[in-house]
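Text of structure_11.cif, listed as mmCIF, C-alpha atoms:
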data_data
loop_
_atom_site.label_atom_id
_atom_site.label_comp_id
_atom_site.auth_asym_id
_atom_site.auth_seq_id
_atom_site.Cartn_x
_atom_site.Cartn_y
_atom_site.Cartn_z
CA MET A 1 -78.49 -32.27 -6.82
CA ALA A 2 -80.27 -35.47 -5.86
CA ASP A 3 -77.99 -37.45 -8.21
CA THR A 4 -74.75 -36.15 -6.65
CA THR A 5 -72.73 -38.88 -4.94
CA VAL A 6 -69.80 -38.68 -2.56
CA LEU A 7 -67.10 -41.17 -1.65
CA ALA A 8 -67.17 -41.77 2.10
CA GLN A 9 -65.21 -43.82 4.63
CA PHE A 10 -66.53 -44.61 8.13
CA GLN A 11 -63.98 -44.24 10.92
CA THR A 12 -63.99 -44.49 14.73
CA ALA A 13 -62.95 -41.55 16.92
CA ASP A 14 -59.62 -43.39 17.46
CA GLY A 15 -58.93 -43.44 13.71
CA GLU A 16 -59.80 -47.08 12.89
CA LYS A 17 -61.52 -47.57 9.53
CA THR A 18 -64.85 -49.41 9.49
CA GLY A 19 -65.86 -51.17 6.26
CA PRO A 20 -64.77 -50.24 2.72
CA PRO A 21 -65.11 -46.76 1.13
CA LEU A 22 -68.71 -46.24 0.00
CA SER A 23 -70.36 -44.24 -2.73
CA LEU A 24 -73.26 -42.47 -1.02
CA PRO A 25 -75.88 -40.01 -2.28
CA ALA A 26 -74.96 -36.50 -1.08
CA ASN A 27 -78.41 -36.04 0.45
CA VAL A 28 -77.96 -39.04 2.79
CA THR A 29 -79.31 -38.14 6.27
CA ALA A 30 -77.92 -38.81 9.74
CA GLU A 31 -80.72 -41.37 10.31
CA GLN A 32 -79.71 -43.28 7.15
CA LEU A 33 -76.04 -43.22 8.20
CA THR A 34 -77.09 -44.69 11.57
CA VAL A 35 -78.84 -47.60 9.84
CA LEU A 36 -75.75 -48.14 7.67
CA ILE A 37 -73.21 -48.16 10.52
CA ASN A 38 -75.38 -50.52 12.61
CA LYS A 39 -75.37 -52.91 9.62
CA PHE A 40 -71.57 -52.68 9.33
CA LEU A 41 -71.04 -53.27 13.05
CA GLU A 42 -73.66 -56.06 13.14
CA THR A 43 -75.05 -54.77 16.45
CA SER A 44 -77.63 -56.97 18.18
CA GLU A 45 -79.87 -53.94 18.74
CA PRO A 46 -79.67 -50.67 16.77
CA ARG A 47 -77.68 -48.01 18.60
CA PRO A 48 -77.94 -44.24 17.98
CA TYR A 49 -74.81 -42.56 16.60
CA SER A 50 -73.66 -39.03 15.83
CA PHE A 51 -71.54 -38.36 12.72
CA TYR A 52 -68.79 -35.80 12.12
CA ILE A 53 -66.90 -34.82 8.97
CA ASP A 54 -63.87 -32.56 9.63
CA GLU A 55 -65.39 -31.77 13.05
CA HIS A 56 -68.68 -30.59 11.48
CA GLU A 57 -71.63 -32.63 12.73
CA VAL A 58 -74.05 -34.14 10.21
CA VAL A 59 -77.39 -33.02 11.67
CA ARG A 60 -79.64 -33.02 8.59
CA SER A 61 -77.71 -34.39 5.58
CA ILE A 62 -74.18 -34.41 4.14
CA GLN A 63 -75.33 -32.08 1.35
CA THR A 64 -76.81 -29.46 3.70
CA ASP A 65 -74.31 -29.57 6.60
CA ILE A 66 -71.03 -30.47 4.92
CA ILE A 67 -71.10 -29.55 1.21
CA ASP A 68 -73.30 -26.43 1.36
CA ALA A 69 -72.55 -25.12 4.87
CA ALA A 70 -68.91 -26.20 5.32
CA GLY A 71 -67.90 -25.89 1.66
CA LYS A 72 -66.50 -29.42 1.22
CA SER A 73 -66.00 -30.69 -2.33
CA THR A 74 -67.89 -33.73 -3.62
CA GLU A 75 -64.62 -34.79 -5.29
CA ASP A 76 -62.92 -35.47 -1.93
CA THR A 77 -63.22 -38.71 0.03
CA LEU A 78 -65.18 -37.74 3.14
CA VAL A 79 -64.06 -39.39 6.38
CA ILE A 80 -67.18 -39.88 8.51
CA VAL A 81 -66.25 -40.19 12.20
CA TYR A 82 -69.04 -41.95 14.11
CA GLN A 83 -69.55 -41.79 17.87
CA PRO A 84 -72.06 -43.85 19.88
CA GLN A 85 -74.73 -42.00 21.86
CA ALA A 86 -76.64 -43.08 24.95
CA PHE A 87 -79.30 -45.77 24.36
CA PHE A 88 -81.75 -43.94 26.59
CA LYS A 89 -83.13 -40.42 26.03
CA VAL A 90 -83.80 -37.88 28.74
CA ARG A 91 -86.96 -35.80 28.34
CA ALA A 92 -86.48 -32.06 28.74
CA VAL A 93 -88.01 -30.42 31.80
CA THR A 94 -90.82 -28.22 30.50
CA ARG A 95 -92.43 -26.86 33.63
CA CYS A 96 -91.97 -26.58 37.36
CA SER A 97 -93.63 -29.59 38.98
CA SER A 98 -93.15 -28.25 42.48
CA SER A 99 -91.55 -25.42 44.42
CA LEU A 100 -89.67 -26.91 47.35
CA THR A 101 -90.10 -24.28 50.04
CA GLY A 102 -88.74 -24.41 53.55
CA HIS A 103 -85.29 -22.82 53.51
CA THR A 104 -85.38 -19.31 54.92
CA GLU A 105 -82.20 -18.08 53.21
CA ALA A 106 -80.49 -18.55 49.83
CA VAL A 107 -80.01 -22.18 48.71
CA LEU A 108 -76.29 -22.38 47.91
CA SER A 109 -75.90 -26.06 46.96
CA ALA A 110 -78.13 -28.85 45.70
CA SER A 111 -77.25 -32.41 44.79
CA PHE A 112 -79.06 -35.61 43.83
CA SER A 113 -77.99 -38.84 45.51
CA PRO A 114 -75.91 -41.20 43.30
CA ASP A 115 -78.98 -43.34 42.50
CA GLY A 116 -81.10 -40.24 41.79
CA SER A 117 -83.75 -41.09 44.37
CA GLN A 118 -83.07 -38.27 46.85
CA LEU A 119 -82.22 -34.59 46.66
CA ALA A 120 -80.23 -32.68 49.26
CA SER A 121 -79.88 -28.91 49.56
CA GLY A 122 -77.63 -26.73 51.68
CA SER A 123 -78.63 -23.19 52.59
CA GLY A 124 -77.64 -19.89 54.12
CA ASP A 125 -80.16 -20.67 56.89
CA THR A 126 -77.51 -23.13 58.31
CA THR A 127 -79.59 -26.25 57.58
CA VAL A 128 -79.33 -29.15 55.16
CA ARG A 129 -82.62 -30.54 53.86
CA ILE A 130 -83.22 -33.90 52.26
CA TRP A 131 -86.27 -34.02 50.00
CA ASP A 132 -88.60 -36.87 49.12
CA LEU A 133 -88.82 -36.69 45.33
CA SER A 134 -92.01 -38.73 45.00
CA THR A 135 -94.03 -36.38 47.21
CA GLU A 136 -91.76 -33.34 46.65
CA THR A 137 -91.76 -32.49 50.35
CA PRO A 138 -88.85 -32.17 52.82
CA ARG A 139 -88.24 -35.57 54.37
CA VAL A 140 -85.72 -34.47 56.97
CA THR A 141 -84.07 -31.22 58.03
CA CYS A 142 -80.51 -31.57 59.33
CA LYS A 143 -79.65 -28.95 61.93
CA GLY A 144 -76.25 -28.46 63.54
CA HIS A 145 -74.19 -25.97 61.54
CA ARG A 146 -73.82 -22.51 63.02
CA ASN A 147 -73.31 -20.64 59.74
CA TRP A 148 -74.09 -20.91 56.01
CA VAL A 149 -73.86 -24.36 54.42
CA LEU A 150 -71.65 -23.80 51.37
CA CYS A 151 -71.24 -27.28 49.85
CA ILE A 152 -72.67 -30.79 50.16
CA GLY A 153 -71.55 -34.18 48.89
CA TRP A 154 -73.10 -37.64 48.86
CA SER A 155 -70.95 -40.69 49.57
CA PRO A 156 -70.74 -42.87 46.42
CA ASN A 157 -73.03 -45.50 47.99
CA GLY A 158 -75.60 -42.85 49.00
CA ARG A 159 -75.57 -43.81 52.68
CA VAL A 160 -73.92 -40.68 54.10
CA LEU A 161 -74.30 -37.00 53.23
CA ALA A 162 -71.49 -34.58 54.08
CA SER A 163 -71.90 -30.80 54.35
CA GLY A 164 -69.25 -28.07 54.60
CA SER A 165 -69.99 -24.75 56.22
CA MET A 166 -68.86 -21.20 56.96
CA ASP A 167 -68.51 -22.39 60.58
CA ASN A 168 -65.23 -24.17 59.52
CA THR A 169 -66.66 -27.67 60.09
CA VAL A 170 -67.74 -30.64 57.98
CA ARG A 171 -70.75 -32.56 59.31
CA LEU A 172 -71.93 -36.04 58.37
CA TRP A 173 -75.63 -36.91 58.19
CA ASP A 174 -77.72 -40.05 57.91
CA PRO A 175 -79.98 -39.26 54.92
CA GLU A 176 -82.68 -41.67 56.16
CA THR A 177 -83.18 -40.10 59.58
CA GLY A 178 -81.45 -36.71 59.32
CA ARG A 179 -79.42 -37.59 62.41
CA GLU A 180 -75.95 -36.07 62.70
CA LEU A 181 -73.35 -38.86 62.48
CA GLY A 182 -70.39 -36.72 63.41
CA MET A 183 -68.64 -33.38 63.19
CA LEU A 184 -65.23 -33.09 61.54
CA GLY A 185 -63.41 -30.07 62.97
CA GLY A 186 -59.89 -28.88 62.22
CA HIS A 187 -60.04 -26.32 59.42
CA ARG A 188 -59.32 -22.77 60.55
CA LYS A 189 -61.51 -21.14 57.89
CA TRP A 190 -64.64 -22.04 55.95
CA ILE A 191 -65.03 -25.15 53.76
CA THR A 192 -64.95 -24.51 50.00
CA ALA A 193 -65.48 -27.99 48.52
CA LEU A 194 -65.97 -31.69 49.35
CA SER A 195 -65.02 -34.81 47.41
CA TRP A 196 -65.44 -38.49 48.34
CA GLU A 197 -63.02 -41.26 47.41
CA PRO A 198 -64.47 -43.10 44.37
CA GLN A 199 -66.35 -46.33 45.05
CA HIS A 200 -64.20 -48.47 42.75
CA LEU A 201 -61.16 -47.63 44.91
CA ASN A 202 -62.84 -47.96 48.29
CA ALA A 203 -65.88 -50.22 48.66
CA GLN A 204 -66.57 -48.87 52.17
CA CYS A 205 -66.93 -45.28 50.83
CA ASN A 206 -65.52 -43.88 54.08
CA ARG A 207 -62.85 -41.39 52.98
CA LEU A 208 -63.66 -37.76 52.30
CA ALA A 209 -61.53 -34.79 51.19
CA SER A 210 -62.44 -31.24 52.23
CA SER A 211 -60.79 -28.06 50.95
CA SER A 212 -60.78 -24.80 52.85
CA LYS A 213 -60.13 -21.08 52.67
CA ASP A 214 -57.28 -21.79 55.15
CA GLY A 215 -55.14 -23.16 52.27
CA THR A 216 -55.27 -26.83 53.29
CA VAL A 217 -57.08 -29.98 52.25
CA ARG A 218 -57.93 -32.56 54.90
CA ILE A 219 -58.61 -36.24 54.30
CA TRP A 220 -61.11 -37.68 56.78
CA ASP A 221 -61.94 -41.23 57.81
CA THR A 222 -65.70 -40.86 58.17
CA THR A 223 -66.04 -44.12 60.13
CA LEU A 224 -63.55 -43.07 62.81
CA ARG A 225 -64.54 -39.37 62.41
CA ARG A 226 -60.95 -38.19 62.38
CA CYS A 227 -58.49 -36.47 60.06
CA VAL A 228 -55.98 -38.96 58.63
CA LEU A 229 -54.01 -36.57 56.36
CA THR A 230 -53.55 -32.84 55.89
CA LEU A 231 -52.37 -31.64 52.48
CA SER A 232 -50.68 -28.29 52.97
CA GLY A 233 -48.73 -26.93 50.05
CA HIS A 234 -50.92 -24.19 48.64
CA THR A 235 -50.04 -20.63 49.65
CA ALA A 236 -53.61 -19.29 49.38
CA ALA A 237 -57.20 -20.51 49.73
CA VAL A 238 -58.03 -23.88 48.12
CA THR A 239 -61.12 -23.33 45.96
CA CYS A 240 -61.83 -26.87 44.74
CA VAL A 241 -60.88 -30.48 45.38
CA LYS A 242 -61.46 -33.57 43.21
CA TRP A 243 -60.65 -37.18 44.09
CA GLY A 244 -59.64 -38.73 40.78
CA GLY A 245 -60.40 -42.24 39.57
CA ASP A 246 -56.64 -42.94 39.64
CA GLY A 247 -56.65 -42.49 43.43
CA ARG A 248 -54.90 -39.13 43.35
CA ILE A 249 -56.35 -35.92 44.79
CA TYR A 250 -56.47 -32.76 42.64
CA THR A 251 -56.72 -29.31 44.21
CA GLY A 252 -57.15 -25.85 42.65
CA SER A 253 -56.20 -22.73 44.55
CA GLN A 254 -56.14 -18.95 44.63
CA ASP A 255 -52.32 -19.26 44.44
CA LYS A 256 -52.92 -19.84 40.67
CA SER A 257 -51.76 -23.47 40.78
CA ILE A 258 -53.29 -26.93 40.64
CA LYS A 259 -51.63 -29.56 42.79
CA VAL A 260 -51.87 -33.33 42.37
CA TRP A 261 -51.41 -35.41 45.52
CA ASN A 262 -50.83 -39.12 46.04
CA SER A 263 -53.32 -40.84 48.32
CA ASP A 264 -50.62 -41.07 51.04
CA GLY A 265 -50.47 -37.26 51.18
CA THR A 266 -47.23 -36.73 49.22
CA LEU A 267 -47.18 -34.14 46.43
CA TYR A 268 -47.12 -35.79 42.99
CA LYS A 269 -46.88 -32.69 40.78
CA THR A 270 -47.84 -29.04 40.50
CA LEU A 271 -49.61 -27.77 37.38
CA SER A 272 -48.89 -24.13 36.57
CA GLY A 273 -50.14 -21.92 33.77
CA HIS A 274 -53.07 -19.87 35.02
CA ALA A 275 -52.46 -16.15 35.60
CA HIS A 276 -55.13 -15.77 38.31
CA TRP A 277 -57.16 -17.82 40.82
CA VAL A 278 -58.21 -21.33 39.81
CA ASN A 279 -61.97 -21.51 40.48
CA THR A 280 -63.12 -24.88 39.21
CA LEU A 281 -61.92 -28.33 38.14
CA ALA A 282 -63.71 -31.09 36.22
CA PHE A 283 -62.77 -34.59 35.02
CA SER A 284 -64.01 -36.26 31.85
CA THR A 285 -64.96 -39.19 34.13
CA ASP A 286 -66.88 -37.06 36.69
CA PHE A 287 -70.29 -38.56 35.85
CA ALA A 288 -69.10 -42.16 36.33
CA LEU A 289 -67.32 -41.20 39.57
CA ARG A 290 -70.36 -39.41 40.99
CA THR A 291 -72.91 -42.11 40.17
CA GLY A 292 -70.61 -45.05 41.04
CA ALA A 293 -72.45 -48.37 40.77
CA PHE A 294 -75.77 -46.80 39.71
CA ASP A 295 -76.82 -46.35 36.08
CA HIS A 296 -79.97 -45.44 34.12
CA THR A 297 -81.51 -48.92 34.62
CA GLY A 298 -82.20 -48.17 38.29
CA LYS A 299 -80.84 -51.54 39.52
CA HIS A 300 -79.28 -51.54 42.97
CA PRO A 301 -76.23 -53.74 43.62
CA SER A 302 -76.90 -56.53 46.11
CA THR A 303 -73.54 -56.51 47.94
CA THR A 304 -70.67 -54.09 48.62
CA GLU A 305 -68.37 -56.17 46.38
CA ASP A 306 -70.94 -56.14 43.57
CA ALA A 307 -71.25 -52.34 43.90
CA GLN A 308 -67.47 -51.93 43.72
CA ARG A 309 -67.24 -54.21 40.67
CA ARG A 310 -69.97 -52.28 38.84
CA ALA A 311 -68.40 -48.93 39.77
CA LEU A 312 -65.05 -50.17 38.39
CA GLU A 313 -66.70 -51.36 35.14
CA ARG A 314 -68.36 -47.96 34.65
CA TYR A 315 -65.16 -46.05 35.43
CA THR A 316 -63.09 -48.28 33.11
CA GLU A 317 -65.56 -47.65 30.28
CA ALA A 318 -65.62 -43.88 30.94
CA SER A 319 -61.80 -43.68 31.01
CA SER A 320 -61.23 -45.90 27.96
CA ARG A 321 -60.37 -42.90 25.75
CA GLY A 322 -58.10 -41.34 28.35
CA VAL A 323 -58.87 -39.05 31.27
CA ARG A 324 -58.87 -35.28 30.78
CA LEU A 325 -58.88 -32.57 33.44
CA VAL A 326 -60.16 -29.06 32.73
CA SER A 327 -59.55 -26.03 34.97
CA GLY A 328 -61.38 -22.68 34.88
CA SER A 329 -59.86 -19.49 36.22
CA ASP A 330 -60.31 -15.81 37.07
CA ASP A 331 -57.88 -15.11 34.18
CA PHE A 332 -60.90 -15.72 31.83
CA THR A 333 -59.31 -18.91 30.40
CA MET A 334 -59.55 -22.65 30.82
CA HIS A 335 -56.74 -25.18 30.52
CA LEU A 336 -57.18 -28.77 29.36
CA TRP A 337 -54.75 -31.29 30.86
CA ASP A 338 -53.85 -34.88 30.02
CA LEU A 339 -51.53 -35.89 32.83
CA SER A 340 -50.65 -39.21 31.17
CA VAL A 341 -48.95 -37.15 28.44
CA SER A 342 -47.56 -34.00 30.04
CA SER A 343 -47.57 -31.62 33.01
CA LYS A 344 -48.24 -28.81 30.53
CA PRO A 345 -51.80 -28.10 29.34
CA ILE A 346 -52.64 -29.67 25.97
CA ALA A 347 -54.93 -26.72 25.19
CA ARG A 348 -55.48 -23.20 26.47
CA MET A 349 -59.12 -22.33 25.89
CA THR A 350 -59.72 -18.60 25.44
CA GLY A 351 -62.85 -16.69 24.51
CA HIS A 352 -64.64 -15.73 27.72
CA GLN A 353 -64.52 -12.01 28.51
CA LYS A 354 -64.93 -12.42 32.27
CA VAL A 355 -64.26 -14.86 35.11
CA VAL A 356 -64.87 -18.58 34.36
CA ASN A 357 -66.97 -19.71 37.32
CA HIS A 358 -67.80 -23.35 36.51
CA VAL A 359 -66.73 -26.03 34.03
CA SER A 360 -68.32 -29.42 33.45
CA PHE A 361 -67.71 -32.39 31.12
CA SER A 362 -70.67 -34.08 29.44
CA PRO A 363 -71.34 -37.58 30.87
CA ASP A 364 -69.84 -39.18 27.74
CA GLY A 365 -66.72 -36.98 28.11
CA ARG A 366 -66.95 -35.57 24.57
CA LEU A 367 -67.88 -31.97 25.36
CA ILE A 368 -66.96 -29.36 27.96
CA ALA A 369 -69.33 -26.57 28.99
CA SER A 370 -68.05 -23.45 30.72
CA ALA A 371 -70.14 -20.89 32.61
CA SER A 372 -68.86 -17.36 32.93
CA PHE A 373 -69.70 -13.97 34.41
CA ASP A 374 -69.77 -12.65 30.79
CA ASN A 375 -73.40 -13.97 30.57
CA SER A 376 -72.47 -16.81 28.19
CA VAL A 377 -71.99 -20.56 28.19
CA LYS A 378 -69.36 -21.89 25.79
CA LEU A 379 -68.95 -25.40 24.40
CA TRP A 380 -65.57 -27.00 23.73
CA ASP A 381 -64.33 -30.31 22.37
CA GLY A 382 -63.56 -32.51 25.39
CA HIS A 383 -60.65 -34.23 23.65
CA THR A 384 -58.79 -31.36 21.98
CA GLY A 385 -60.15 -28.26 23.76
CA LYS A 386 -61.22 -26.74 20.42
CA PHE A 387 -63.97 -24.10 20.63
CA ILE A 388 -67.34 -25.30 19.30
CA ALA A 389 -70.05 -22.74 20.07
CA SER A 390 -71.23 -19.90 22.30
CA LEU A 391 -74.67 -20.27 23.88
CA ARG A 392 -76.09 -16.82 24.44
CA GLY A 393 -79.40 -15.93 26.04
CA HIS A 394 -78.72 -15.11 29.69
CA VAL A 395 -78.71 -11.42 30.57
CA ALA A 396 -76.56 -11.74 33.71
CA ALA A 397 -73.68 -13.85 35.04
CA VAL A 398 -74.01 -17.63 34.54
CA TYR A 399 -73.16 -19.45 37.78
CA GLN A 400 -73.36 -23.16 36.96
CA VAL A 401 -74.08 -25.68 34.20
CA CYS A 402 -75.44 -29.22 34.44
CA TRP A 403 -75.73 -31.98 31.80
CA SER A 404 -78.55 -34.41 31.14
CA SER A 405 -77.30 -37.98 31.68
CA ASP A 406 -77.60 -38.79 27.96
CA SER A 407 -75.32 -35.81 27.04
CA ARG A 408 -77.94 -34.45 24.61
CA MET A 409 -79.00 -31.44 26.68
CA MET A 410 -77.49 -28.97 29.11
CA LEU A 411 -78.97 -26.69 31.76
CA SER A 412 -77.51 -23.34 32.83
CA ALA A 413 -78.32 -21.34 35.98
CA SER A 414 -77.89 -17.59 36.12
CA LYS A 415 -78.00 -14.47 38.21
CA ASP A 416 -80.86 -13.34 35.89
CA SER A 417 -83.20 -15.71 37.86
CA THR A 418 -83.76 -18.10 34.92
CA LEU A 419 -82.68 -21.59 33.96
CA LYS A 420 -82.14 -22.36 30.29
CA ILE A 421 -82.08 -25.76 28.58
CA TRP A 422 -79.83 -26.01 25.52
CA ASP A 423 -80.09 -28.60 22.76
CA LEU A 424 -76.56 -29.83 22.02
CA ARG A 425 -77.48 -31.09 18.57
CA THR A 426 -78.58 -27.71 17.26
CA LYS A 427 -76.50 -25.64 19.78
CA LYS A 428 -79.61 -23.54 20.36
CA LEU A 429 -81.92 -22.69 23.26
CA LYS A 430 -84.50 -25.45 23.70
CA LEU A 431 -86.50 -24.14 26.67
CA GLU A 432 -86.46 -21.33 29.18
CA LEU A 433 -87.47 -22.10 32.75
CA PRO A 434 -88.48 -18.94 34.62
CA GLY A 435 -90.05 -19.03 38.06
CA HIS A 436 -87.28 -18.20 40.54
CA ALA A 437 -87.69 -14.79 42.13
CA ASP A 438 -83.96 -14.17 42.49
CA GLU A 439 -80.53 -15.44 41.42
CA VAL A 440 -80.21 -19.19 40.70
CA PHE A 441 -77.00 -20.25 42.45
CA THR A 442 -76.88 -23.97 41.84
CA VAL A 443 -78.18 -26.76 39.59
#

Could you render the structure from this file as structure tokens?
Amino acid sequence: MADTTVLAQFQTADGEKTGPPLSLPANVTAEQLTVLINKFLETSEPRPYSFYIDEHEVVRSIQTDIIDAAGKSTEDTLVIVYQPQAFFKVRAVTRCSSSLTGHTEAVLSASFSPDGSQLASGSGDTTVRIWDLSTETPRVTCKGHRNWVLCIGWSPNGRVLASGSMDNTVRLWDPETGRELGMLGGHRKWITALSWEPQHLNAQCNRLASSSKDGTVRIWDTTLRRCVLTLSGHTAAVTCVKWGGDGRIYTGSQDKSIKVWNSDGTLYKTLSGHAHWVNTLAFSTDFALRTGAFDHTGKHPSTTEDAQRRALERYTEASSRGVRLVSGSDDFTMHLWDLSVSSKPIARMTGHQKVVNHVSFSPDGRLIASASFDNSVKLWDGHTGKFIASLRGHVAAVYQVCWSSDSRMMLSASKDSTLKIWDLRTKKLKLELPGHADEVFTV
């Protein structure tokens, strides 16, 4: 077995061949392939890579994962598709370092600031809290809403925090002082989602979209504190809103449709296909849009122009392989869209037995995770929509999923009061994080 050789050809994900065909020992490992591809590419510093043959990942060796497990013949030329991974590695959370107490009702939303230095939480007790992560204590409590705080959103530069509430208003807060900067009123029912205009399109970071149960989306100028546009075309509640990197606004609704709007408020196109409410939308570029000019190095841009330039560089890199949109619905399915190609979905992703509550792309855009009320998380190929694996372990509905910034791990939050960390290399449970006394609504 040790003497068996295979003929192999390295290839990029876009189909470009790298180097000549090679005769390799069948027991060659993923680590040895990484050394080989770094030699071929003449990289200045070795970069980690993952390798796939006919969509099967080489985790241990070609012999074990491809010939034995996938039944490939050693007579065939094996095309090894290599994909770069993040230089940095995120350590898995292993224990609870602190319980952040203070809210007197359920915490319904939580979000880190774009640079990762602050954490905000919105609660059923009508307050928004901003936490100091070095001391793990509440730095400021923002009071003003008269009903549950359902969603929060940081401006891409991290200088303003917006919160949407059951009291039909959006409020703006200064995260340094906790002072209310303004109230944006106009919706006739509660706020379902918030989305800021990406930093690479607007260096001032002063435009915000809010969707509501009243069936409309409003675009706000947060400097002037007024509504500049109202997008009304949906015939039922708008459940989610996303401001895309192309400048267009994407909305999902209980009228079963997704609408795409130009930034001047005109309707660009309507995407149909779901048989029930659309609950959630996610872009393959979401991570780059959310973090803007900030990356894992922790450097802060010196000027507004520098921040916009860096945000544009990061978005351009994230969108280099095309931008995908995925939608999750009450019809138990997800649709994958590539609007540069067609107004029809390029894949219909079926497999969940109950409502799909949340979908999320990995930061590198290669994988999609979906959380469902059927107690499972499923993984899908972010480019084709092909099913990869089911992650089972939760014993109640899974509400949300969240990726580590290096795309190597994923966290799921469930009604069963636990969080679970999944290893994406092995597709298995890495760690269980118990500790919550009740349902975990948000991660």

Could you list the residues chosen by the PyMOL selection byres ((chain A and resi 330) around 12) in this structure as a PyMOL selection string? chain A and resi 239+252-256+274-280+327-329+331-335+350+352-358+371-374

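Considering only C-alpha atoms, the residue among A:Arg310, A:Arg139, A:Lys242, A:His383 positioned nearest to A:Leu208 is A:Lys242.
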
Give me the result of the PyMOL selection byres ((chain A and resi 403) around 10) on this file, residue by residue, as a count of residues only. 21

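Computed from the coordinates, the atom CA of A:Phe283 to atom CA of A:Thr222 distance equals 24.2 Å.
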
Residues near stretch 47-56 of chain A, cut-off 10 Å, all atoms listed in the file, skip fewer than 4 positions along chain, as a PyMOL selection string: chain A and resi 8+10-13+30-31+33-35+37-38+43+62+65-66+69-70+72+78-88+381+386+388+425

Can you list what the PyMOL selection byres ((chain A and resi 271) around 12) grabs from this structure, as a count of residues only? 33

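Taking atom CA of A:Lys427 as the reference point, atom CA of A:Leu281 is found at 23.6 Å.
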
Stretch 17-29 of chain A: which residues within 9 Å, counting all atoms listed in the file, same-chain residues fewer than 6 positions away excluded, as a PyMOL selection string? chain A and resi 1-11+37+40-41+58-64+67+74+77

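Atom CA of A:Tyr399 lies 18.4 Å from atom CA of A:Leu367.
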
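Taking all atoms listed in the file into account, A:Ser195 lies nearest to A:Arg207 out of the set A:Arg207, A:His103, A:Arg314, A:Lys415.
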
Dump as a tab-separated table the rows for residues of stretch 274-349 of chain A within 9 Å of stretch 110-125 of chain A: closest atom pair and distance in Å with one decimal, all atoms listed in the file counted, ordered by chain and rising residue number.
residue	atom	partner	partner_atom	distance
A:Arg290	CA	A:Pro114	CA	6.3
A:Thr291	CA	A:Pro114	CA	4.4
A:Gly292	CA	A:Pro114	CA	6.9
A:Ala293	CA	A:Pro114	CA	8.4
A:Phe294	CA	A:Asp115	CA	5.5
A:Asp295	CA	A:Asp115	CA	7.4
A:His296	CA	A:Asp115	CA	8.7
A:Gly298	CA	A:Asp115	CA	7.2
A:Lys299	CA	A:Asp115	CA	8.9
A:His300	CA	A:Asp115	CA	8.2

Using all atoms listed in the file, what residues lie at most 12 Å away from (-65.4, -43.5, 29.9) (file coordinates), given as a PDB file with C-alpha atoms, in the frame of the given file?
ATOM      1  CA  GLY A 245     -60.400 -42.240  39.570  1.00  0.00           C
ATOM      2  CA  PHE A 283     -62.770 -34.590  35.020  1.00  0.00           C
ATOM      3  CA  SER A 284     -64.010 -36.260  31.850  1.00  0.00           C
ATOM      4  CA  THR A 285     -64.960 -39.190  34.130  1.00  0.00           C
ATOM      5  CA  ASP A 286     -66.880 -37.060  36.690  1.00  0.00           C
ATOM      6  CA  PHE A 287     -70.290 -38.560  35.850  1.00  0.00           C
ATOM      7  CA  ALA A 288     -69.100 -42.160  36.330  1.00  0.00           C
ATOM      8  CA  LEU A 289     -67.320 -41.200  39.570  1.00  0.00           C
ATOM      9  CA  ALA A 311     -68.400 -48.930  39.770  1.00  0.00           C
ATOM     10  CA  LEU A 312     -65.050 -50.170  38.390  1.00  0.00           C
ATOM     11  CA  GLU A 313     -66.700 -51.360  35.140  1.00  0.00           C
ATOM     12  CA  ARG A 314     -68.360 -47.960  34.650  1.00  0.00           C
ATOM     13  CA  TYR A 315     -65.160 -46.050  35.430  1.00  0.00           C
ATOM     14  CA  THR A 316     -63.090 -48.280  33.110  1.00  0.00           C
ATOM     15  CA  GLU A 317     -65.560 -47.650  30.280  1.00  0.00           C
ATOM     16  CA  ALA A 318     -65.620 -43.880  30.940  1.00  0.00           C
ATOM     17  CA  SER A 319     -61.800 -43.680  31.010  1.00  0.00           C
ATOM     18  CA  SER A 320     -61.230 -45.900  27.960  1.00  0.00           C
ATOM     19  CA  ARG A 321     -60.370 -42.900  25.750  1.00  0.00           C
ATOM     20  CA  GLY A 322     -58.100 -41.340  28.350  1.00  0.00           C
ATOM     21  CA  VAL A 323     -58.870 -39.050  31.270  1.00  0.00           C
ATOM     22  CA  ARG A 324     -58.870 -35.280  30.780  1.00  0.00           C
ATOM     23  CA  PHE A 361     -67.710 -32.390  31.120  1.00  0.00           C
ATOM     24  CA  SER A 362     -70.670 -34.080  29.440  1.00  0.00           C
ATOM     25  CA  PRO A 363     -71.340 -37.580  30.870  1.00  0.00           C
ATOM     26  CA  ASP A 364     -69.840 -39.180  27.740  1.00  0.00           C
ATOM     27  CA  GLY A 365     -66.720 -36.980  28.110  1.00  0.00           C
ATOM     28  CA  ARG A 366     -66.950 -35.570  24.570  1.00  0.00           C
TER      29      ARG A 366
END

Of A:Ser99, A:Gln204, A:Asn375, A:Ser165, the one nearest to A:Glu136 when counting all atoms listed in the file is A:Ser99

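Every protein or nucleic acid residue with an atom no more than 8 Å from A:Arg171, counting only C-alpha atoms and leaving out same-chain residues fewer than 2 positions away, appears here: His145, Ala162, Ser163, Gly164, Thr169, Trp173, Glu180, Leu181, Gly182, Met183 and Leu184 of chain A.
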
Which residue, A:Val217, A:Leu433, A:Leu133, A:Val341, has the smallest gap to A:Gly233 when you use all atoms listed in the file? A:Val217

When you look at A:Arg159 with a cut-off of 9 Å (counting all atoms listed in the file), what residues show up, excluding the ones that are within fewer than 6 positions of it in the same chain? I need them as a short mmCIF file (atom, residue, chain, number, x, y, z; two decimals) with C-alpha atoms, keeping the file's coordinate frame.
data_model
loop_
_atom_site.label_atom_id
_atom_site.label_comp_id
_atom_site.auth_asym_id
_atom_site.auth_seq_id
_atom_site.Cartn_x
_atom_site.Cartn_y
_atom_site.Cartn_z
CA TRP A 173 -75.63 -36.91 58.19
CA ASP A 174 -77.72 -40.05 57.91
CA PRO A 175 -79.98 -39.26 54.92
CA GLU A 176 -82.68 -41.67 56.16
CA CYS A 205 -66.93 -45.28 50.83
#
